[in-house]
Amino acid sequence: MTITPTKSPEAAPEPPSGAAPVNRVPQGHKRLLTRRDRLTLGFMAGLPTILHVALVWVTALASILLAFTSWNGIGFDSIQWVGLENFKELFTNNPQFWPAVEHNVIWFVVLICIPTPLGLFLAVQLDKKIRFSRVYQTAFFLPVVLSMAVIGFVWQLVYNPDTGLINSLIGANEPGHYIDWIGDPDLNLWAILIAASWRHTGYMMILYLAGLKGVDPSLREASALDGANEWQTFKNVIFPTLRPTNTVVLVVTIIEALRAFDLVFVFNKGAEGTELLSILVTNNIIGESSRIGYGSAIAVVLLLISLVVIIPYLVATFRKERRA
């Protein structure tokens, strides 16, 4: 009796004659990265890491070291170690330091009291799915997309003493009746804060709108069944659920207040009445009489103030992730 050999069901079918062989990966085995894959991944991950370390961490550490030195920026041989002298002069003999700190605090208070509630109000209204809500979102968020320098130039046209929009509306563009919104030390900071609030409102609107999208709809339905009106629902149900968003908003606003620089520099380069810590850093490092060590000391103070805000936020975030 002739026995015809049968093919094993696990055997791979033979490729047709003339066809290229197919490389098959055995089941249960992971495909190893080739040398080309490793080089590509190393380049894509390594280059941004090198740039980040070089441009952020190295420069930050260099600024901390230079804060304890005296250096005019010409030749490394002129670097002299002075210890804490820069910080002593900063806190005792600099008439611009404490006004700059005060202006940064005012910047934060204005941003947290005016554009933040306004952004929350706009977010609540847009969350109701009104008609053309996408158009409104785009319009309110557009200032956030624009460069701060562009915003400064736009508002310079608004505040122009001769042909500016505000002076034209209130009739203060006639000779002898000009209102110098940017040159007057009693007005310039508040004028710039209006421009900053215009931009910050759209930023807060987007943050709160994202938070509102995460609210469970069943909470609104339960509140409606209990007979609560719209304001009671927002105050007792929705706003408490926005606690994580409020934390992010607070941290972002503090950082925005500390890093404020572009608008002031575009308007009047930090003239009297608009001194900020960031402006003092720039004026001492890039100014006519360059004092890199002294400017670095101001930058270190600004860094420490930022860390006081950022570190507790990061610790709370990591604890929340571990509990989850």
# chains A, B, ... in the order shown; residues from 1 in each chain; ligands from 1

$ residues_around --residues "segment 157-165 of chain A" --least-positions-apart "6" --cutoff "9 Å" --atoms "only C-alpha atoms" --output "list of chain:residue names"
A:Ala172, A:Asn173, A:Glu174, A:Pro175, A:Tyr178, A:Ile179, A:Asp180, A:Trp181, A:Ile182, A:Ala191

$ write_last_selection --atoms "all heavy atoms" --output "PDB file, in the first residue's frame"
ATOM      1  N   ALA A 172      -9.252 113.742  23.496  1.00  0.00           N
ATOM      2  CA  ALA A 172      -8.000 114.150  24.130  1.00  0.00           C
ATOM      3  C   ALA A 172      -6.846 114.142  23.144  1.00  0.00           C
ATOM      4  O   ALA A 172      -5.693 113.953  23.529  1.00  0.00           O
ATOM      5  CB  ALA A 172      -7.679 113.229  25.306  1.00  0.00           C
ATOM      6  N   ASN A 173      -7.137 114.360  21.872  1.00  0.00           N
ATOM      7  CA  ASN A 173      -6.080 114.373  20.861  1.00  0.00           C
ATOM      8  C   ASN A 173      -5.839 115.765  20.305  1.00  0.00           C
ATOM      9  O   ASN A 173      -5.234 115.921  19.254  1.00  0.00           O
ATOM     10  CB  ASN A 173      -6.437 113.417  19.715  1.00  0.00           C
ATOM     11  CG  ASN A 173      -7.785 113.753  19.080  1.00  0.00           C
ATOM     12  OD1 ASN A 173      -8.539 114.572  19.609  1.00  0.00           O
ATOM     13  ND2 ASN A 173      -8.076 113.115  17.961  1.00  0.00           N
ATOM     14  N   GLU A 174      -6.317 116.781  21.013  1.00  0.00           N
ATOM     15  CA  GLU A 174      -6.073 118.147  20.593  1.00  0.00           C
ATOM     16  C   GLU A 174      -4.833 118.693  21.282  1.00  0.00           C
ATOM     17  O   GLU A 174      -4.477 118.244  22.384  1.00  0.00           O
ATOM     18  CB  GLU A 174      -7.291 119.021  20.931  1.00  0.00           C
ATOM     19  CG  GLU A 174      -8.576 118.570  20.251  1.00  0.00           C
ATOM     20  CD  GLU A 174      -9.767 119.415  20.673  1.00  0.00           C
ATOM     21  OE1 GLU A 174      -9.551 120.329  21.510  1.00  0.00           O
ATOM     22  OE2 GLU A 174     -10.875 119.157  20.181  1.00  0.00           O
ATOM     23  N   PRO A 175      -4.134 119.654  20.657  1.00  0.00           N
ATOM     24  CA  PRO A 175      -2.930 120.218  21.273  1.00  0.00           C
ATOM     25  C   PRO A 175      -3.230 120.781  22.659  1.00  0.00           C
ATOM     26  O   PRO A 175      -4.202 121.506  22.864  1.00  0.00           O
ATOM     27  CB  PRO A 175      -2.514 121.317  20.290  1.00  0.00           C
ATOM     28  CG  PRO A 175      -3.099 120.894  18.981  1.00  0.00           C
ATOM     29  CD  PRO A 175      -4.386 120.206  19.318  1.00  0.00           C
ATOM     30  N   TYR A 178      -3.471 116.396  25.304  1.00  0.00           N
ATOM     31  CA  TYR A 178      -3.059 115.017  25.077  1.00  0.00           C
ATOM     32  C   TYR A 178      -3.017 114.238  26.401  1.00  0.00           C
ATOM     33  O   TYR A 178      -2.651 114.776  27.442  1.00  0.00           O
ATOM     34  CB  TYR A 178      -1.677 114.949  24.435  1.00  0.00           C
ATOM     35  CG  TYR A 178      -1.633 115.449  23.009  1.00  0.00           C
ATOM     36  CD1 TYR A 178      -0.700 116.406  22.626  1.00  0.00           C
ATOM     37  CD2 TYR A 178      -2.502 114.966  22.059  1.00  0.00           C
ATOM     38  CE1 TYR A 178      -0.637 116.864  21.325  1.00  0.00           C
ATOM     39  CE2 TYR A 178      -2.461 115.423  20.742  1.00  0.00           C
ATOM     40  CZ  TYR A 178      -1.534 116.372  20.392  1.00  0.00           C
ATOM     41  OH  TYR A 178      -1.487 116.822  19.104  1.00  0.00           O
ATOM     42  N   ILE A 179      -3.364 112.970  26.325  1.00  0.00           N
ATOM     43  CA  ILE A 179      -3.142 112.034  27.430  1.00  0.00           C
ATOM     44  C   ILE A 179      -2.088 111.037  26.974  1.00  0.00           C
ATOM     45  O   ILE A 179      -2.321 110.252  26.059  1.00  0.00           O
ATOM     46  CB  ILE A 179      -4.432 111.296  27.826  1.00  0.00           C
ATOM     47  CG1 ILE A 179      -5.476 112.285  28.338  1.00  0.00           C
ATOM     48  CG2 ILE A 179      -4.137 110.256  28.907  1.00  0.00           C
ATOM     49  CD1 ILE A 179      -6.783 111.631  28.740  1.00  0.00           C
ATOM     50  N   ASP A 180      -0.925 111.105  27.588  1.00  0.00           N
ATOM     51  CA  ASP A 180       0.184 110.225  27.203  1.00  0.00           C
ATOM     52  C   ASP A 180       0.081 108.939  28.008  1.00  0.00           C
ATOM     53  O   ASP A 180       0.600 108.821  29.118  1.00  0.00           O
ATOM     54  CB  ASP A 180       1.521 110.929  27.461  1.00  0.00           C
ATOM     55  CG  ASP A 180       2.682 110.192  26.814  1.00  0.00           C
ATOM     56  OD1 ASP A 180       2.447 109.113  26.231  1.00  0.00           O
ATOM     57  OD2 ASP A 180       3.823 110.698  26.887  1.00  0.00           O
ATOM     58  N   TRP A 181      -0.616 107.973  27.446  1.00  0.00           N
ATOM     59  CA  TRP A 181      -0.876 106.730  28.167  1.00  0.00           C
ATOM     60  C   TRP A 181       0.395 105.937  28.445  1.00  0.00           C
ATOM     61  O   TRP A 181       0.463 105.207  29.446  1.00  0.00           O
ATOM     62  CB  TRP A 181      -1.847 105.861  27.371  1.00  0.00           C
ATOM     63  CG  TRP A 181      -3.177 106.486  27.152  1.00  0.00           C
ATOM     64  CD1 TRP A 181      -3.601 107.170  26.040  1.00  0.00           C
ATOM     65  CD2 TRP A 181      -4.276 106.527  28.063  1.00  0.00           C
ATOM     66  NE1 TRP A 181      -4.881 107.621  26.196  1.00  0.00           N
ATOM     67  CE2 TRP A 181      -5.332 107.241  27.434  1.00  0.00           C
ATOM     68  CE3 TRP A 181      -4.481 106.021  29.352  1.00  0.00           C
ATOM     69  CZ2 TRP A 181      -6.557 107.443  28.049  1.00  0.00           C
ATOM     70  CZ3 TRP A 181      -5.712 106.230  29.964  1.00  0.00           C
ATOM     71  CH2 TRP A 181      -6.723 106.932  29.319  1.00  0.00           C
ATOM     72  N   ILE A 182       1.380 106.072  27.587  1.00  0.00           N
ATOM     73  CA  ILE A 182       2.607 105.287  27.738  1.00  0.00           C
ATOM     74  C   ILE A 182       3.708 106.080  28.443  1.00  0.00           C
ATOM     75  O   ILE A 182       4.510 105.511  29.184  1.00  0.00           O
ATOM     76  CB  ILE A 182       3.119 104.799  26.362  1.00  0.00           C
ATOM     77  CG1 ILE A 182       2.001 104.019  25.645  1.00  0.00           C
ATOM     78  CG2 ILE A 182       4.340 103.917  26.505  1.00  0.00           C
ATOM     79  CD1 ILE A 182       1.485 102.837  26.429  1.00  0.00           C
ATOM     80  N   ALA A 191      -2.111 100.962  31.585  1.00  0.00           N
ATOM     81  CA  ALA A 191      -2.393 100.850  30.153  1.00  0.00           C
ATOM     82  C   ALA A 191      -1.852  99.534  29.598  1.00  0.00           C
ATOM     83  O   ALA A 191      -2.512  98.852  28.799  1.00  0.00           O
ATOM     84  CB  ALA A 191      -1.788 102.038  29.414  1.00  0.00           C
TER      85      ALA A 191
END

$ residues_around --residues "Trp107 of chain A" --least-positions-apart "3" --cutoff "12 Å" --atoms "only C-alpha atoms" --output "mmCIF file with all heavy atoms, in the first residue's frame"
data_model
loop_
_atom_site.group_PDB
_atom_site.id
_atom_site.type_symbol
_atom_site.label_atom_id
_atom_site.label_comp_id
_atom_site.auth_asym_id
_atom_site.auth_seq_id
_atom_site.Cartn_x
_atom_site.Cartn_y
_atom_site.Cartn_z
ATOM 1 N N ALA A 100 10.008 97.172 41.210
ATOM 2 C CA ALA A 100 9.809 96.102 40.230
ATOM 3 C C ALA A 100 9.049 94.934 40.842
ATOM 4 O O ALA A 100 8.143 94.361 40.214
ATOM 5 C CB ALA A 100 11.156 95.643 39.691
ATOM 6 N N VAL A 101 9.402 94.579 42.096
ATOM 7 C CA VAL A 101 8.672 93.508 42.781
ATOM 8 C C VAL A 101 7.204 93.901 42.963
ATOM 9 O O VAL A 101 6.288 93.096 42.752
ATOM 10 C CB VAL A 101 9.327 93.196 44.138
ATOM 11 C CG1 VAL A 101 8.491 92.192 44.922
ATOM 12 C CG2 VAL A 101 10.741 92.659 43.943
ATOM 13 N N GLU A 102 6.981 95.156 43.356
ATOM 14 C CA GLU A 102 5.608 95.645 43.527
ATOM 15 C C GLU A 102 4.823 95.586 42.221
ATOM 16 O O GLU A 102 3.652 95.177 42.202
ATOM 17 C CB GLU A 102 5.642 97.076 44.049
ATOM 18 C CG GLU A 102 4.267 97.691 44.267
ATOM 19 C CD GLU A 102 4.354 99.133 44.718
ATOM 20 O OE1 GLU A 102 5.479 99.625 44.976
ATOM 21 O OE2 GLU A 102 3.283 99.785 44.810
ATOM 22 N N HIS A 103 5.465 95.944 41.117
ATOM 23 C CA HIS A 103 4.772 95.921 39.833
ATOM 24 C C HIS A 103 4.463 94.490 39.402
ATOM 25 O O HIS A 103 3.405 94.238 38.797
ATOM 26 C CB HIS A 103 5.618 96.618 38.773
ATOM 27 C CG HIS A 103 5.768 98.084 39.019
ATOM 28 N ND1 HIS A 103 6.794 98.830 38.468
ATOM 29 C CD2 HIS A 103 5.031 98.946 39.766
ATOM 30 C CE1 HIS A 103 6.683 100.080 38.865
ATOM 31 N NE2 HIS A 103 5.619 100.174 39.642
ATOM 32 N N ASN A 104 5.346 93.542 39.692
ATOM 33 C CA ASN A 104 5.051 92.143 39.391
ATOM 34 C C ASN A 104 3.867 91.640 40.214
ATOM 35 O O ASN A 104 3.029 90.870 39.714
ATOM 36 C CB ASN A 104 6.274 91.266 39.655
ATOM 37 C CG ASN A 104 7.252 91.245 38.497
ATOM 38 O OD1 ASN A 104 8.296 91.897 38.531
ATOM 39 N ND2 ASN A 104 6.917 90.508 37.453
ATOM 40 N N VAL A 110 -3.932 91.902 39.101
ATOM 41 C CA VAL A 110 -4.829 92.324 38.024
ATOM 42 C C VAL A 110 -5.218 91.128 37.159
ATOM 43 O O VAL A 110 -6.398 90.958 36.811
ATOM 44 C CB VAL A 110 -4.159 93.424 37.180
ATOM 45 C CG1 VAL A 110 -4.975 93.708 35.925
ATOM 46 C CG2 VAL A 110 -4.004 94.705 37.999
ATOM 47 N N LEU A 111 -4.260 90.270 36.811
ATOM 48 C CA LEU A 111 -4.575 89.116 35.967
ATOM 49 C C LEU A 111 -5.515 88.138 36.654
ATOM 50 O O LEU A 111 -6.375 87.525 36.006
ATOM 51 C CB LEU A 111 -3.284 88.399 35.552
ATOM 52 C CG LEU A 111 -2.351 89.120 34.585
ATOM 53 C CD1 LEU A 111 -1.197 88.214 34.190
ATOM 54 C CD2 LEU A 111 -3.081 89.610 33.351
ATOM 55 N N ILE A 112 -5.367 87.976 37.969
ATOM 56 C CA ILE A 112 -6.199 86.992 38.669
ATOM 57 C C ILE A 112 -7.574 87.558 38.992
ATOM 58 O O ILE A 112 -8.529 86.793 39.182
ATOM 59 C CB ILE A 112 -5.498 86.525 39.962
ATOM 60 C CG1 ILE A 112 -6.011 85.143 40.392
ATOM 61 C CG2 ILE A 112 -5.686 87.525 41.083
ATOM 62 C CD1 ILE A 112 -5.637 84.023 39.491
ATOM 63 N N CYS A 113 -7.707 88.887 39.037
ATOM 64 C CA CYS A 113 -8.977 89.498 39.439
ATOM 65 C C CYS A 113 -9.844 89.938 38.268
ATOM 66 O O CYS A 113 -11.064 90.066 38.432
ATOM 67 C CB CYS A 113 -8.721 90.712 40.349
ATOM 68 S SG CYS A 113 -8.035 90.286 41.956
ATOM 69 N N ILE A 114 -9.259 90.200 37.098
ATOM 70 C CA ILE A 114 -10.056 90.717 35.981
ATOM 71 C C ILE A 114 -10.159 89.709 34.830
ATOM 72 O O ILE A 114 -11.251 89.196 34.547
ATOM 73 C CB ILE A 114 -9.505 92.068 35.496
ATOM 74 C CG1 ILE A 114 -9.582 93.101 36.628
ATOM 75 C CG2 ILE A 114 -10.272 92.568 34.283
ATOM 76 C CD1 ILE A 114 -9.013 94.456 36.277
ATOM 77 N N PRO A 115 -9.073 89.373 34.129
ATOM 78 C CA PRO A 115 -9.234 88.471 32.979
ATOM 79 C C PRO A 115 -9.559 87.034 33.353
ATOM 80 O O PRO A 115 -10.213 86.328 32.570
ATOM 81 C CB PRO A 115 -7.881 88.564 32.263
ATOM 82 C CG PRO A 115 -6.924 88.983 33.310
ATOM 83 C CD PRO A 115 -7.679 89.857 34.247
ATOM 84 N N LEU A 189 1.669 101.732 33.445
ATOM 85 C CA LEU A 189 1.541 100.346 33.899
ATOM 86 C C LEU A 189 0.113 99.837 33.704
ATOM 87 O O LEU A 189 -0.102 98.707 33.240
ATOM 88 C CB LEU A 189 1.944 100.233 35.364
ATOM 89 C CG LEU A 189 1.824 98.824 35.974
ATOM 90 C CD1 LEU A 189 2.762 97.860 35.264
ATOM 91 C CD2 LEU A 189 2.111 98.851 37.469
ATOM 92 N N TRP A 190 -0.875 100.671 34.030
ATOM 93 C CA TRP A 190 -2.263 100.245 33.890
ATOM 94 C C TRP A 190 -2.663 100.120 32.424
ATOM 95 O O TRP A 190 -3.466 99.233 32.072
ATOM 96 C CB TRP A 190 -3.172 101.241 34.610
ATOM 97 C CG TRP A 190 -2.773 101.443 36.033
ATOM 98 C CD1 TRP A 190 -2.133 102.525 36.554
ATOM 99 C CD2 TRP A 190 -2.938 100.517 37.110
ATOM 100 N NE1 TRP A 190 -1.902 102.349 37.890
ATOM 101 C CE2 TRP A 190 -2.390 101.121 38.260
ATOM 102 C CE3 TRP A 190 -3.511 99.250 37.212
ATOM 103 C CZ2 TRP A 190 -2.389 100.493 39.494
ATOM 104 C CZ3 TRP A 190 -3.510 98.611 38.450
ATOM 105 C CH2 TRP A 190 -2.961 99.236 39.566
ATOM 106 N N ALA A 191 -2.111 100.962 31.585
ATOM 107 C CA ALA A 191 -2.393 100.850 30.153
ATOM 108 C C ALA A 191 -1.852 99.534 29.598
ATOM 109 O O ALA A 191 -2.512 98.852 28.799
ATOM 110 C CB ALA A 191 -1.788 102.038 29.414
ATOM 111 N N ILE A 192 -0.649 99.161 30.030
ATOM 112 C CA ILE A 192 -0.071 97.902 29.560
ATOM 113 C C ILE A 192 -0.836 96.711 30.124
ATOM 114 O O ILE A 192 -1.019 95.690 29.451
ATOM 115 C CB ILE A 192 1.420 97.836 29.946
ATOM 116 C CG1 ILE A 192 2.196 98.961 29.257
ATOM 117 C CG2 ILE A 192 2.022 96.497 29.560
ATOM 118 C CD1 ILE A 192 3.642 99.075 29.695
ATOM 119 N N LEU A 193 -1.317 96.835 31.359
ATOM 120 C CA LEU A 193 -2.071 95.741 31.962
ATOM 121 C C LEU A 193 -3.391 95.489 31.232
ATOM 122 O O LEU A 193 -3.875 94.352 31.194
ATOM 123 C CB LEU A 193 -2.335 96.041 33.435
ATOM 124 C CG LEU A 193 -1.161 95.754 34.373
ATOM 125 C CD1 LEU A 193 -1.454 96.276 35.774
ATOM 126 C CD2 LEU A 193 -0.860 94.266 34.409
ATOM 127 N N ILE A 194 -3.968 96.526 30.662
ATOM 128 C CA ILE A 194 -5.188 96.324 29.866
ATOM 129 C C ILE A 194 -4.885 95.456 28.648
ATOM 130 O O ILE A 194 -5.638 94.533 28.315
ATOM 131 C CB ILE A 194 -5.772 97.680 29.441
ATOM 132 C CG1 ILE A 194 -6.309 98.434 30.657
ATOM 133 C CG2 ILE A 194 -6.876 97.501 28.398
ATOM 134 C CD1 ILE A 194 -6.807 99.828 30.343
ATOM 135 N N ALA A 195 -3.767 95.735 27.997
ATOM 136 C CA ALA A 195 -3.369 94.914 26.852
ATOM 137 C C ALA A 195 -3.062 93.484 27.279
ATOM 138 O O ALA A 195 -3.430 92.517 26.588
ATOM 139 C CB ALA A 195 -2.157 95.541 26.169
ATOM 140 N N ALA A 196 -2.392 93.319 28.427
ATOM 141 C CA ALA A 196 -2.083 91.984 28.921
ATOM 142 C C ALA A 196 -3.356 91.225 29.301
ATOM 143 O O ALA A 196 -3.471 90.018 29.058
ATOM 144 C CB ALA A 196 -1.142 92.077 30.116
ATOM 145 N N SER A 197 -4.323 91.936 29.879
ATOM 146 C CA SER A 197 -5.587 91.294 30.261
ATOM 147 C C SER A 197 -6.381 90.869 29.031
ATOM 148 O O SER A 197 -7.056 89.834 29.042
ATOM 149 C CB SER A 197 -6.412 92.255 31.114
ATOM 150 O OG SER A 197 -5.728 92.602 32.302
ATOM 151 N N HIS A 200 -4.823 87.635 28.146
ATOM 152 C CA HIS A 200 -4.957 86.610 29.174
ATOM 153 C C HIS A 200 -6.383 86.073 29.266
ATOM 154 O O HIS A 200 -6.586 84.914 29.660
ATOM 155 C CB HIS A 200 -4.536 87.203 30.524
ATOM 156 C CG HIS A 200 -4.213 86.170 31.561
ATOM 157 N ND1 HIS A 200 -3.111 85.350 31.501
ATOM 158 C CD2 HIS A 200 -4.875 85.815 32.701
ATOM 159 C CE1 HIS A 200 -3.085 84.549 32.545
ATOM 160 N NE2 HIS A 200 -4.146 84.802 33.283
ATOM 161 N N THR A 253 -1.128 81.765 35.933
ATOM 162 C CA THR A 253 -1.216 83.211 36.118
ATOM 163 C C THR A 253 -0.004 83.751 36.861
ATOM 164 O O THR A 253 0.527 84.815 36.520
ATOM 165 C CB THR A 253 -2.502 83.569 36.877
ATOM 166 O OG1 THR A 253 -3.628 83.042 36.172
ATOM 167 C CG2 THR A 253 -2.659 85.072 36.996
ATOM 168 N N ILE A 254 0.456 83.025 37.869
ATOM 169 C CA ILE A 254 1.656 83.457 38.598
ATOM 170 C C ILE A 254 2.859 83.467 37.667
ATOM 171 O O ILE A 254 3.669 84.412 37.672
ATOM 172 C CB ILE A 254 1.900 82.551 39.808
ATOM 173 C CG1 ILE A 254 0.775 82.716 40.838
ATOM 174 C CG2 ILE A 254 3.248 82.863 40.456
ATOM 175 C CD1 ILE A 254 0.873 81.778 42.019
ATOM 176 N N ILE A 255 2.990 82.420 36.868
ATOM 177 C CA ILE A 255 4.119 82.356 35.932
ATOM 178 C C ILE A 255 4.034 83.478 34.907
ATOM 179 O O ILE A 255 5.041 84.111 34.559
ATOM 180 C CB ILE A 255 4.161 80.976 35.249
ATOM 181 C CG1 ILE A 255 4.471 79.891 36.282
ATOM 182 C CG2 ILE A 255 5.188 80.957 34.133
ATOM 183 C CD1 ILE A 255 4.428 78.494 35.731
ATOM 184 N N GLU A 256 2.822 83.745 34.406
ATOM 185 C CA GLU A 256 2.642 84.839 33.447
ATOM 186 C C GLU A 256 3.030 86.180 34.067
ATOM 187 O O GLU A 256 3.609 87.043 33.401
ATOM 188 C CB GLU A 256 1.189 84.882 32.968
ATOM 189 C CG GLU A 256 0.813 83.773 32.008
ATOM 190 C CD GLU A 256 1.436 83.967 30.639
ATOM 191 O OE1 GLU A 256 1.489 85.103 30.152
ATOM 192 O OE2 GLU A 256 1.890 82.963 30.054
ATOM 193 N N ALA A 257 2.712 86.371 35.338
ATOM 194 C CA ALA A 257 3.049 87.626 36.006
ATOM 195 C C ALA A 257 4.550 87.761 36.213
ATOM 196 O O ALA A 257 5.106 88.862 36.127
ATOM 197 C CB ALA A 257 2.319 87.724 37.348
ATOM 198 N N LEU A 258 5.232 86.648 36.468
ATOM 199 C CA LEU A 258 6.673 86.706 36.707
ATOM 200 C C LEU A 258 7.467 86.856 35.404
ATOM 201 O O LEU A 258 8.507 87.509 35.380
ATOM 202 C CB LEU A 258 7.131 85.443 37.451
ATOM 203 C CG LEU A 258 6.636 85.293 38.894
ATOM 204 C CD1 LEU A 258 7.067 83.950 39.470
ATOM 205 C CD2 LEU A 258 7.163 86.426 39.771
ATOM 206 N N ARG A 259 6.962 86.254 34.340
ATOM 207 C CA ARG A 259 7.700 86.302 33.072
ATOM 208 C C ARG A 259 7.279 87.459 32.181
ATOM 209 O O ARG A 259 7.689 87.530 31.024
ATOM 210 C CB ARG A 259 7.524 84.981 32.311
ATOM 211 C CG ARG A 259 6.108 84.712 31.892
ATOM 212 C CD ARG A 259 5.952 83.328 31.285
ATOM 213 N NE ARG A 259 6.603 83.259 29.994
ATOM 214 C CZ ARG A 259 5.993 83.493 28.843
ATOM 215 N NH1 ARG A 259 4.704 83.826 28.834
ATOM 216 N NH2 ARG A 259 6.641 83.393 27.711
ATOM 217 N N ALA A 260 6.460 88.349 32.696
ATOM 218 C CA ALA A 260 6.022 89.495 31.903
ATOM 219 C C ALA A 260 7.234 90.307 31.459
ATOM 220 O O ALA A 260 8.022 90.760 32.277
ATOM 221 C CB ALA A 260 5.070 90.360 32.731
ATOM 222 N N PHE A 261 7.367 90.478 30.164
ATOM 223 C CA PHE A 261 8.512 91.202 29.625
ATOM 224 C C PHE A 261 8.194 91.846 28.278
ATOM 225 O O PHE A 261 8.433 93.037 28.066
ATOM 226 C CB PHE A 261 9.716 90.257 29.478
ATOM 227 C CG PHE A 261 10.871 90.857 28.741
ATOM 228 C CD1 PHE A 261 11.745 91.720 29.379
ATOM 229 C CD2 PHE A 261 11.076 90.573 27.390
ATOM 230 C CE1 PHE A 261 12.816 92.290 28.705
ATOM 231 C CE2 PHE A 261 12.138 91.133 26.707
ATOM 232 C CZ PHE A 261 13.006 91.996 27.365
ATOM 233 N N VAL A 264 5.947 95.139 27.990
ATOM 234 C CA VAL A 264 6.595 96.310 28.589
ATOM 235 C C VAL A 264 7.766 96.769 27.728
ATOM 236 O O VAL A 264 7.955 97.968 27.492
ATOM 237 C CB VAL A 264 7.064 95.985 30.018
ATOM 238 C CG1 VAL A 264 7.838 97.149 30.614
ATOM 239 C CG2 VAL A 264 5.866 95.658 30.902
ATOM 240 N N THR A 274 7.024 101.321 34.954
ATOM 241 C CA THR A 274 6.777 99.966 34.429
ATOM 242 C C THR A 274 7.948 99.034 34.702
ATOM 243 O O THR A 274 8.153 98.070 33.970
ATOM 244 C CB THR A 274 6.515 100.019 32.912
ATOM 245 O OG1 THR A 274 7.643 100.617 32.255
ATOM 246 C CG2 THR A 274 5.272 100.812 32.594
ATOM 247 N N GLU A 275 8.709 99.293 35.738
ATOM 248 C CA GLU A 275 9.832 98.418 36.053
ATOM 249 C C GLU A 275 9.319 97.041 36.458
ATOM 250 O O GLU A 275 8.375 96.915 37.230
ATOM 251 C CB GLU A 275 10.679 98.995 37.193
ATOM 252 C CG GLU A 275 11.257 100.373 36.928
ATOM 253 C CD GLU A 275 10.371 101.488 37.460
ATOM 254 O OE1 GLU A 275 9.160 101.221 37.653
ATOM 255 O OE2 GLU A 275 10.873 102.590 37.686
ATOM 256 N N LEU A 276 9.938 96.000 35.912
ATOM 257 C CA LEU A 276 9.658 94.619 36.265
ATOM 258 C C LEU A 276 10.978 93.900 36.493
ATOM 259 O O LEU A 276 12.035 94.341 36.027
ATOM 260 C CB LEU A 276 8.864 93.919 35.157
ATOM 261 C CG LEU A 276 7.445 94.442 34.861
ATOM 262 C CD1 LEU A 276 6.884 93.738 33.632
ATOM 263 C CD2 LEU A 276 6.530 94.245 36.048
ATOM 264 N N LEU A 277 10.930 92.775 37.196
ATOM 265 C CA LEU A 277 12.160 92.031 37.466
ATOM 266 C C LEU A 277 12.810 91.566 36.178
ATOM 267 O O LEU A 277 14.040 91.609 36.042
ATOM 268 C CB LEU A 277 11.847 90.833 38.372
ATOM 269 C CG LEU A 277 11.447 91.164 39.808
ATOM 270 C CD1 LEU A 277 11.061 89.899 40.559
ATOM 271 C CD2 LEU A 277 12.588 91.874 40.528
#

$ select_by_dssp --residues "segment 37-244 of chain A" --states "alpha helix (DSSP H)" --output "number ranges by chain"
A: 37-52, 58-66, 85-92, 97-113, 115-126, 133-145, 148-159, 165-170, 188-213, 217-225, 230-233, 239-241, 243-244

$ select_by_dssp --residues "segment 45-214 of chain A" --states "strand (DSSP E or B)" --output "VMD selection string"
chain A and resid 69 to 70 80 to 81

$ closest_residue --among "A:Leu209, A:Arg199, A:Met204, A:Gly73" --to "Val145 of chain A" --atoms "only C-alpha atoms"
A:Arg199

$ closest_residue --among "A:Ile292, A:Arg131, A:Val154, A:Leu120" --to "Gln80 of chain A" --atoms "only C-alpha atoms"
A:Ile292

$ closest_residue --among "A:Val124, A:Ile64, A:Leu39, A:Leu169" --to "Glu230 of chain A" --atoms "only C-alpha atoms"
A:Val124

$ residues_around --residues "Ala123 of chain A" --least-positions-apart "6" --cutoff "8 Å" --atoms "only C-alpha atoms" --output "short mmCIF file (atom, residue, chain, number, x, y, z; two decimals) with all heavy atoms, in the first residue's frame"
data_model
loop_
_atom_site.label_atom_id
_atom_site.label_comp_id
_atom_site.auth_asym_id
_atom_site.auth_seq_id
_atom_site.Cartn_x
_atom_site.Cartn_y
_atom_site.Cartn_z
N MET A 205 -10.07 81.43 29.16
CA MET A 205 -11.29 80.87 28.59
C MET A 205 -11.06 79.45 28.10
O MET A 205 -11.87 78.55 28.36
CB MET A 205 -11.77 81.76 27.43
CG MET A 205 -13.03 81.27 26.75
SD MET A 205 -13.23 81.96 25.09
CE MET A 205 -11.86 81.15 24.22
N ILE A 206 -9.94 79.23 27.40
CA ILE A 206 -9.66 77.89 26.88
C ILE A 206 -9.42 76.90 28.00
O ILE A 206 -9.89 75.75 27.96
CB ILE A 206 -8.45 77.96 25.92
CG1 ILE A 206 -8.83 78.69 24.65
CG2 ILE A 206 -7.95 76.57 25.59
CD1 ILE A 206 -9.93 78.03 23.84
N TYR A 208 -10.56 77.00 31.13
CA TYR A 208 -11.82 76.68 31.82
C TYR A 208 -12.78 75.92 30.91
O TYR A 208 -13.54 75.06 31.39
CB TYR A 208 -12.48 77.97 32.31
CG TYR A 208 -11.95 78.43 33.65
CD1 TYR A 208 -11.31 79.66 33.78
CD2 TYR A 208 -12.09 77.64 34.78
CE1 TYR A 208 -10.82 80.08 35.01
CE2 TYR A 208 -11.61 78.05 36.01
CZ TYR A 208 -10.98 79.28 36.12
OH TYR A 208 -10.49 79.68 37.33
N LEU A 209 -12.74 76.20 29.63
CA LEU A 209 -13.61 75.47 28.71
C LEU A 209 -13.22 74.00 28.68
O LEU A 209 -14.09 73.11 28.64
CB LEU A 209 -13.52 76.08 27.32
CG LEU A 209 -14.59 75.68 26.30
CD1 LEU A 209 -15.98 76.02 26.83
CD2 LEU A 209 -14.35 76.36 24.97
N LEU A 212 -14.60 72.49 31.87
CA LEU A 212 -16.05 72.31 31.83
C LEU A 212 -16.44 71.11 30.98
O LEU A 212 -17.47 70.46 31.24
CB LEU A 212 -16.72 73.57 31.29
CG LEU A 212 -16.68 74.80 32.22
CD1 LEU A 212 -17.20 76.03 31.49
CD2 LEU A 212 -17.51 74.55 33.47
#
